[in-house]
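In what follows, a structure is listed as structure tokens, so that the remarks can point back to it.
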Amino acid sequence: MACVMAALGCRELNPNFNASADTDESCDDRNQSFSHSNCDGACVDTELNIEHCGGCAQPCFDHEVCKAGVCLVDCPGDRRSCDGSCVDTQTSLQHCGACGIACSLGEYCVNGACDSECPAPSLVCEPVCVDTDSSVDHCGMCNTACNDDRSCVMGTCDLVCDPPQTACADACVDTNTNSMHCGGCDQPCDGFCMEGACVQECAASLVSCGQSCVDLQTDPLHCGGCNQLCKAKELCDAGQCECEPDLDSCGEACVDLRTDKVNCGSCGHACAAAQSCKEGECACKGGKTVCDDGCFDTDKDASHCGDCDTACAMGESCERGGCE
């Protein structure tokens with residue numbers, strides 16, 4: 001991929017960038033803020049590289065991205081998967097408006113289109129032109145990033161809550177039942193809060209837990225009894241905590257047996273380090289074969305030619321699974 005910037009900028013924009021091939025840096029010499037490893041002679045970022053995700057020779061499947069060393073199917077928010085990384089196509093110099101559309105040297109990507117100027121009120125936060133009122137990476141000012149649970153609104157990182165909860169101060173609360181925020185933030189209730197209104201007693205089908213009227217049959221915070229919390233990825237059904245639909249209980253956790261590398265297809269069935277779990281089966285990308293916890297193309301790989309145990313002699317190559 002052509003790089004329109006200096007080597008450092010190119011590395012930041014392209015996680016699959018091979019620094020050892022384009023600069024004099026080695027993995028040992030580079031800035032330690034980048035999680036790089038030497039894989040087959042190339043210095044790669046195993047936090048983001050789709051061919052070495054989480055470690056060398058651990059590729060992701062097509063349409064997956066590598067984030068924090070884990071293969072993920074899609075990207076958060078409005079970001080898109082381009083070349084195996086999640087990018088903002090509204091500001092990315094390498095993927096402006098769509099994957100693979102690169103801006104020329106000296107241009108900025110503004111709202112998904114290449115432009116020679118960064119128009120106000122946007123600011124240049126090298127190397128991109130961003131709206132600091134809405135950018136989660138540059139919220140309010142350059143290089144001020146919001147946490148994962150917050151969005152940037154008018155230059156301020158605001159808490160993002162899942163319905164029916166509402167952000168009140170620094171907490172997500174249900175204003176239908178919360179006695180301190182009954183019907184809205186900072187609206188305390190002297191009695192019980194039920195459906196966003198203060199009442200003196202709970203309806204017959206509900207139970208008072210603290211100053212809230214709750215349904216012990218469905219409330220994940222009071223499932224079967226007051227303050228009996230369900231765990232992450234659990235729902236409260238008939239007063240019992242159960243895994244969300246399409247998830248299964250393995251030990252103390254709810255997991256997706258179709259994609260979980262530690263519990264692939266069944267609880268406790270772990271895939272090899274180089275494999276991914278796809279539709280409940282451990283597999284390598286592109287039909288490769290697992291050999292010594294690595295994925296290899298036994299049709300072409302001279303060290304695993306035809307099968308895992310056959311290595312070609314020095315000077316020979318592997319063609320269609322045979323040494324020649």
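Scheme for the structure tokens: letters A, B, ... for chains in order shown; per-chain residue numbers from 1; ligand numbers from 1 in order shown.
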
field: Selection: 10 Å around A:Ser276, only C-alpha atoms, excl. self and same-chain fewer than 4 positions, as a VMD selection string
entry: chain A and resid 58 to 61 70 to 71 259 to 262 264 270 to 272 280 to 285

Include N, CA and C atoms and write out the residues we just selected as a compact mmCIF listing (two decimals), in the first residue's frame.
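The resulting file, again39.txt, is reproduced below:
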```
# COMPACT_ATOMS: atom_id res chain seq x y z
N GLN A 58 -1.79 -16.40 13.61
CA GLN A 58 -3.15 -16.55 14.10
C GLN A 58 -4.07 -15.64 13.27
N PRO A 59 -4.40 -16.09 12.04
CA PRO A 59 -5.16 -15.23 11.13
C PRO A 59 -6.64 -15.17 11.47
N CYS A 60 -7.25 -14.05 11.10
CA CYS A 60 -8.70 -13.92 11.21
C CYS A 60 -9.35 -14.41 9.92
N PHE A 61 -10.63 -14.74 9.99
CA PHE A 61 -11.37 -15.11 8.80
C PHE A 61 -11.71 -13.86 7.99
N VAL A 70 -7.87 -9.73 19.18
CA VAL A 70 -9.00 -10.66 19.06
C VAL A 70 -9.69 -10.43 17.72
N CYS A 71 -10.03 -11.52 17.03
CA CYS A 71 -10.74 -11.42 15.76
C CYS A 71 -12.21 -11.09 16.02
N THR A 259 -18.70 -19.15 18.11
CA THR A 259 -17.54 -18.29 17.87
C THR A 259 -16.51 -18.29 18.98
N ASP A 260 -16.80 -18.88 20.13
CA ASP A 260 -15.89 -18.83 21.28
C ASP A 260 -14.74 -19.82 21.10
N LYS A 261 -13.50 -19.31 21.05
CA LYS A 261 -12.33 -20.17 20.81
C LYS A 261 -12.07 -21.13 21.96
N VAL A 262 -12.49 -20.78 23.17
CA VAL A 262 -12.26 -21.64 24.33
C VAL A 262 -13.35 -22.69 24.46
N CYS A 264 -15.60 -24.03 21.69
CA CYS A 264 -16.03 -24.05 20.29
C CYS A 264 -16.87 -25.29 20.00
N ALA A 270 -11.51 -26.34 23.21
CA ALA A 270 -10.72 -25.16 22.84
C ALA A 270 -10.04 -25.36 21.50
N CYS A 271 -9.99 -24.31 20.71
CA CYS A 271 -9.28 -24.34 19.43
C CYS A 271 -7.79 -24.10 19.67
N ALA A 272 -6.97 -24.53 18.73
CA ALA A 272 -5.54 -24.25 18.80
C ALA A 272 -5.30 -22.75 18.67
N GLY A 280 -19.09 -22.99 15.20
CA GLY A 280 -18.93 -24.11 16.13
C GLY A 280 -17.85 -25.10 15.77
N GLU A 281 -17.00 -24.76 14.80
CA GLU A 281 -15.91 -25.65 14.41
C GLU A 281 -14.59 -24.88 14.36
N CYS A 282 -13.53 -25.52 14.86
CA CYS A 282 -12.21 -24.91 14.81
C CYS A 282 -11.65 -25.03 13.40
N ALA A 283 -11.15 -23.95 12.87
CA ALA A 283 -10.65 -23.98 11.50
C ALA A 283 -9.61 -22.90 11.28
N CYS A 284 -8.79 -23.10 10.27
CA CYS A 284 -7.84 -22.09 9.83
C CYS A 284 -8.42 -21.31 8.66
N LYS A 285 -7.96 -20.11 8.49
CA LYS A 285 -8.42 -19.28 7.39
C LYS A 285 -7.93 -19.84 6.06
```

message: Give me the residues near stretch 233-237 of chain A as a ChimeraX atom specification, where near means some atom within 8 Å (using only C-alpha atoms) and where sequence neighbours in that chain fewer than 5 positions away do not count.
response: /A:217-220,223,242-244,254

Atom CA of A:Cys291 to atom CA of A:Cys308, straight-line distance in Å: 5.4 Å

message: Using Å and a single decimal, report how far atom CA of A:Met314 sits from atom CA of A:Lys288.
response: 23.0 Å

field: Nearby residues (only C-alpha atoms) at most 10 Å from A:Thr298, same-chain spacing under 2 positions excluded, as a PyMOL selection string
entry: chain A and resi 287-291+295-296+300-308+310+318-322

Output of the above residues as a PDB file, in the first residue's frame, restricted to C-alpha atoms:
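Saved to part.pdb:
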```pdb
ATOM      1  CA  GLY A 287      -8.396 -23.896   4.108  1.00  0.00           C
ATOM      2  CA  LYS A 288      -4.980 -23.983   5.755  1.00  0.00           C
ATOM      3  CA  THR A 289      -3.969 -26.864   8.039  1.00  0.00           C
ATOM      4  CA  VAL A 290      -3.046 -26.644  11.727  1.00  0.00           C
ATOM      5  CA  CYS A 291       0.527 -27.831  12.335  1.00  0.00           C
ATOM      6  CA  CYS A 295      -1.818 -22.537  10.189  1.00  0.00           C
ATOM      7  CA  PHE A 296       0.049 -23.626   7.049  1.00  0.00           C
ATOM      8  CA  LYS A 300       2.959 -24.685  -0.900  1.00  0.00           C
ATOM      9  CA  ASP A 301       4.781 -24.638   2.448  1.00  0.00           C
ATOM     10  CA  ALA A 302       8.171 -26.354   2.139  1.00  0.00           C
ATOM     11  CA  SER A 303       8.334 -27.082   5.876  1.00  0.00           C
ATOM     12  CA  HIS A 304       4.896 -28.764   5.863  1.00  0.00           C
ATOM     13  CA  CYS A 305       4.540 -30.094   2.335  1.00  0.00           C
ATOM     14  CA  GLY A 306       1.495 -32.294   1.804  1.00  0.00           C
ATOM     15  CA  ASP A 307       1.109 -32.855   5.536  1.00  0.00           C
ATOM     16  CA  CYS A 308       2.412 -31.534   8.842  1.00  0.00           C
ATOM     17  CA  THR A 310       6.893 -33.665   5.630  1.00  0.00           C
ATOM     18  CA  CYS A 318       6.624 -27.422  -2.367  1.00  0.00           C
ATOM     19  CA  GLU A 319       4.258 -27.489  -5.337  1.00  0.00           C
ATOM     20  CA  ARG A 320       0.720 -28.855  -5.012  1.00  0.00           C
ATOM     21  CA  GLY A 321       1.675 -30.738  -1.851  1.00  0.00           C
ATOM     22  CA  GLY A 322       4.795 -32.377  -3.294  1.00  0.00           C
TER      23      GLY A 322
END
```

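Going from atom CA of A:Ser249 over to atom CA of A:Asn227, you cover 21.8 Å.
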
Contacts of stretch 120-124 of chain A within 10 Å, only C-alpha atoms, excl. fewer than 3 positions in-chain, as a VMD selection string: chain A and resid 108 110 117 127 to 133 138 141 to 142

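Backbone DSSP over stretch 142-219 of chain A gives strand (DSSP E) for Arg150, Ser151, Cys152, Val153, Thr156, Cys157, Asp158, Leu159, Thr166, Ala167, Cys168, Ala171, Cys172, Val173, Phe192, Cys193, Met194, Ala197, Cys198, Val199, Val207, Ser208, Cys209, Ser212, Cys213 and Val214 of chain A.
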
- prompt: What lies within 12 Å of A:Ala197 using only C-alpha atoms, ignoring chain neighbours under 6 positions off, as a list in words?
  reply: Thr175, Asn176, Thr177, Asn178, Ser179, Met180, His181, Cys182, Gly183, Gly184, Gln187, Pro188, Cys189, Asp190, Gly191, Gln211, Ser212 and Cys213 of chain A

With C-alpha atoms retained, export the selected residues as a PDB file, in the first residue's frame.
```pdb
ATOM      1  CA  THR A 175     -35.944   6.319  35.597  1.00  0.00           C
ATOM      2  CA  ASN A 176     -38.991   4.048  35.670  1.00  0.00           C
ATOM      3  CA  THR A 177     -37.919   2.490  38.977  1.00  0.00           C
ATOM      4  CA  ASN A 178     -35.062   4.555  40.455  1.00  0.00           C
ATOM      5  CA  SER A 179     -36.254   6.515  43.490  1.00  0.00           C
ATOM      6  CA  MET A 180     -33.524   9.167  43.131  1.00  0.00           C
ATOM      7  CA  HIS A 181     -34.280   9.748  39.457  1.00  0.00           C
ATOM      8  CA  CYS A 182     -37.978   8.919  39.203  1.00  0.00           C
ATOM      9  CA  GLY A 183     -39.331   9.969  35.816  1.00  0.00           C
ATOM     10  CA  GLY A 184     -36.133  11.902  35.051  1.00  0.00           C
ATOM     11  CA  GLN A 187     -36.191  13.851  40.563  1.00  0.00           C
ATOM     12  CA  PRO A 188     -36.187  12.130  43.975  1.00  0.00           C
ATOM     13  CA  CYS A 189     -39.218  10.259  45.222  1.00  0.00           C
ATOM     14  CA  ASP A 190     -40.389  10.052  48.854  1.00  0.00           C
ATOM     15  CA  GLY A 191     -42.298   6.831  48.245  1.00  0.00           C
ATOM     16  CA  GLN A 211     -37.491   2.393  47.221  1.00  0.00           C
ATOM     17  CA  SER A 212     -38.164   0.755  43.875  1.00  0.00           C
ATOM     18  CA  CYS A 213     -41.087  -1.353  42.735  1.00  0.00           C
TER      19      CYS A 213
END
```

message: Excluding A:Cys157 and its own-chain neighbours fewer than 2 positions away, which residues fall within 8 Å of it when counting only C-alpha atoms? Please give them as a list in words.
response: Val136, Cys139, Cys146, Asn147, Arg150, Ser151, Cys152, Val153, Gly155 and Leu159 of chain A
